[in-house]
Amino acid sequence: MSVTKGLDGVLVTESRLSRVDGLAGELTIGGFPLEELAPNATYEEALFLLWEDRLPTGSELSALQTELAALRQLPGPTLEILRAAAAKSLPPMDALRMGADTLTLADPDPADSSPVANQGRAKAIVARVATIVAAYWRLLNGKPVVGPRPDLHHAANYLYMLRGTEAEADEVRGLDTYINSVIDHGMNNSTFTARVIISTGSDMISAVVGAIGSLKGPLHGGAPGPALDMVFELRKRAAASGKSLEAEAEAYVRQTVDAGGRIMGFGHRVYKVRDPRADVLGAAAEKLFKKAGDIQLNKDARAVEQVVLRVLEELKPGRGLKTNVEFYTALVLHGLGFETGLFTPTFAVGRVGGWTAQVLEQIAEAHLIRPGSGYRGELNRKWVPMEQRSGNRKR
Ligand SMILES: CC(C)(COP(=O)(O)OP(=O)(O)OC[C@H]1O[C@@H](n2cnc3c(N)ncnc32)[C@H](O)[C@@H]1OP(=O)(O)O)[C@@H](O)C(=O)NCCC(=O)NCCS
């Protein structure tokens, strides 16, 4: 029996939600090329697309917006947990995981696993995950929580809850484009985690809590903060040494790779060409930067990107290490004025739509996910009474 480590290339199910073509560098979401969907749709339209397999009409869209807006408030104990987490300055992804776990308290009937109950649950989870992240971010920064505004749509309300003031239309557009770009992405680790959990007949909140735990890891969703920190660090080094940014970037990549480290924002398990989300997000970032006047950071990031690509190709030839979604995520979210600690939780605010849709799909599939493993331990050991055992000696 041969082992496929990490299930690389193994198809575990069929999904209508998204298609990732890693060799062509194409991402299809609900039948739309990413480039078509992400910059045009509101997040609610993308949600409707995943949940219903078509775009909503005007009245369906406003009904969904109203429904989501009515589900945004958090149960009291959720806020208490967030306050306790902020008192300990826990990282936002830990607070999100803990907060999401308490959402069962707001569930009208946790034991009801009917399709209608699960569709309602999907909406409640999507609505409240954004509220948890925004509330926690403010608490962590010593600010009072700003409650949701029912008249604002999902992305606009998220920005409002974070800032306490209404965002400009182009900022809302930038955020919609980002959360649409990450809403679903084939059988990525967090999605697989959610599907594994729900496949046992468990509940949607458990599946989403597990997915949040998976997304937290730097090999999945935890990279955009470090990717931007790298650009800031290289700028600092260049200012201190008087060398060019490119020279500092080259030295950094060589040192990091020599020491067995990885450059955050580069490489992907599936994409061996440029991640298509990088271009969509690069364009969104540029629009924001025109306004924010941080054009230089955008230029510097692109200069660093070129050096990293060149040196990685030299040091790791043939591995297809290209810019991934995280590098440009960092630029878009920076353009929205977000600090790096908010990057991965905002990824979750987008991806939770995909998690719920994938969970609904897995429930319909009704098949327990249970892969096998090869065994490389010993066989036929003989039981040794305690008094005859000595240390680790094998028998
Ligand atoms: C995303 C990632 C985990 C995918 O890795 P993977 O498919 O498991 O690829 P592997 O770990 O098998 O790596 C293949 C080779 O490329 C190297 N490599 C992969 N990503 C690299 C990176 N970002 N920087 C430097 N080297 C890298 C590995 O060291 C390995 O080298 P080797 O063949 O000499 O052993 C990996 O590219 C990575 O760690 N990237 C940085 C983190 C990141 O940006 N994550 C967000 C992903 S969207």
# chains A, B, ... in the order shown; residues from 1 in each chain; ligands from 1
>>> residues_around(residues="range 143-158 of chain A", least_positions_apart="5", cutoff="9 Å", atoms="only C-alpha atoms", output="PyMOL selection string")
chain A and resi 42-44+65-66+68-70+72-73+127+130-131+133-138+163-164+166-169+171-173+175-176+179
>>> closest_atom_pairs(of="chain A", to="ligand 1", cutoff="10 Å", atoms="only C-alpha atoms and all ligand atoms", output="tab-separated table")
residue	atom	partner	partner_atom_place_in_ligand_line	distance
A:Lys5	CA	ligand 1	8 (O)	10.0
A:Gly6	CA	ligand 1	8 (O)	8.4
A:Asp8	CA	ligand 1	7 (O)	8.4
A:Asn188	CA	ligand 1	48 (S)	9.3
A:Leu215	CA	ligand 1	46 (C)	9.9
A:Gly217	CA	ligand 1	45 (N)	8.7
A:Pro218	CA	ligand 1	45 (N)	5.9
A:Leu219	CA	ligand 1	45 (N)	4.3
A:His220	CA	ligand 1	46 (C)	4.8
A:Gly221	CA	ligand 1	46 (C)	6.0
A:Gly222	CA	ligand 1	46 (C)	6.9
A:Ala223	CA	ligand 1	43 (C)	5.0
A:Pro224	CA	ligand 1	44 (O)	7.3
A:Pro226	CA	ligand 1	44 (O)	8.8
A:Ala227	CA	ligand 1	44 (O)	7.6
A:Val253	CA	ligand 1	25 (C)	8.0
A:Arg254	CA	ligand 1	25 (C)	9.4
A:Thr256	CA	ligand 1	25 (C)	7.7
A:Val257	CA	ligand 1	25 (C)	5.6
A:Asp258	CA	ligand 1	25 (C)	9.3
A:Gly260	CA	ligand 1	29 (O)	6.8
A:Gly261	CA	ligand 1	25 (C)	6.3
A:Arg262	CA	ligand 1	24 (N)	3.4
A:Ile263	CA	ligand 1	24 (N)	3.9
A:Met264	CA	ligand 1	44 (O)	4.1
A:Gly265	CA	ligand 1	44 (O)	3.5
A:Phe266	CA	ligand 1	23 (N)	4.3
A:Gly267	CA	ligand 1	37 (O)	3.3
A:His268	CA	ligand 1	1 (C)	4.0
A:Arg269	CA	ligand 1	7 (O)	3.2
A:Val270	CA	ligand 1	7 (O)	6.7
A:Tyr271	CA	ligand 1	7 (O)	8.6
A:Lys272	CA	ligand 1	7 (O)	9.0
A:Asp275	CA	ligand 1	48 (S)	8.7
A:Val308	CA	ligand 1	24 (N)	8.8
A:Leu309	CA	ligand 1	24 (N)	9.7
A:Val311	CA	ligand 1	25 (C)	9.6
A:Leu312	CA	ligand 1	25 (C)	6.6
A:Glu313	CA	ligand 1	26 (N)	9.6
A:Leu315	CA	ligand 1	26 (N)	8.4
A:Lys316	CA	ligand 1	34 (O)	6.1
A:Pro317	CA	ligand 1	16 (O)	8.7
A:Gly318	CA	ligand 1	16 (O)	8.9
A:Arg319	CA	ligand 1	16 (O)	5.5
A:Gly320	CA	ligand 1	16 (O)	7.9
A:Leu321	CA	ligand 1	20 (N)	6.2
A:Lys322	CA	ligand 1	23 (N)	8.4
A:Thr323	CA	ligand 1	44 (O)	8.1
A:Asn324	CA	ligand 1	48 (S)	5.5
A:Val325	CA	ligand 1	48 (S)	5.7
A:Glu326	CA	ligand 1	48 (S)	5.8
A:Phe327	CA	ligand 1	44 (O)	7.5
>>> atom_distance(atom1="CA of Thr13 in chain A", atom2="CA of Leu27 in chain A")
17.5 Å
>>> select_by_dssp(residues="range 151-273 of chain A", states="alpha helix (DSSP H)", output="MDAnalysis selection string")
chainID A and resid 154:163 169:181 189:198 204:215 224:241 245:258
>>> atom_distance(atom1="CA of Pro108 in chain A", atom2="CA of Leu139 in chain A")
27.3 Å
>>> closest_residue(among="A:Gln306, A:Thr177, A:Thr356, A:Gln362", to="Ala211 in chain A", atoms="only C-alpha atoms")
A:Thr356
>>> closest_residue(among="A:Pro110, A:Gly354, A:Gly99, A:Gly142", to="Leu82 in chain A", atoms="only C-alpha atoms")
A:Gly99
>>> select_by_dssp(residues="range 22-111 of chain A", states="strand (DSSP E or B)", output="MDAnalysis selection string")
chainID A and resid 26:29 32:33
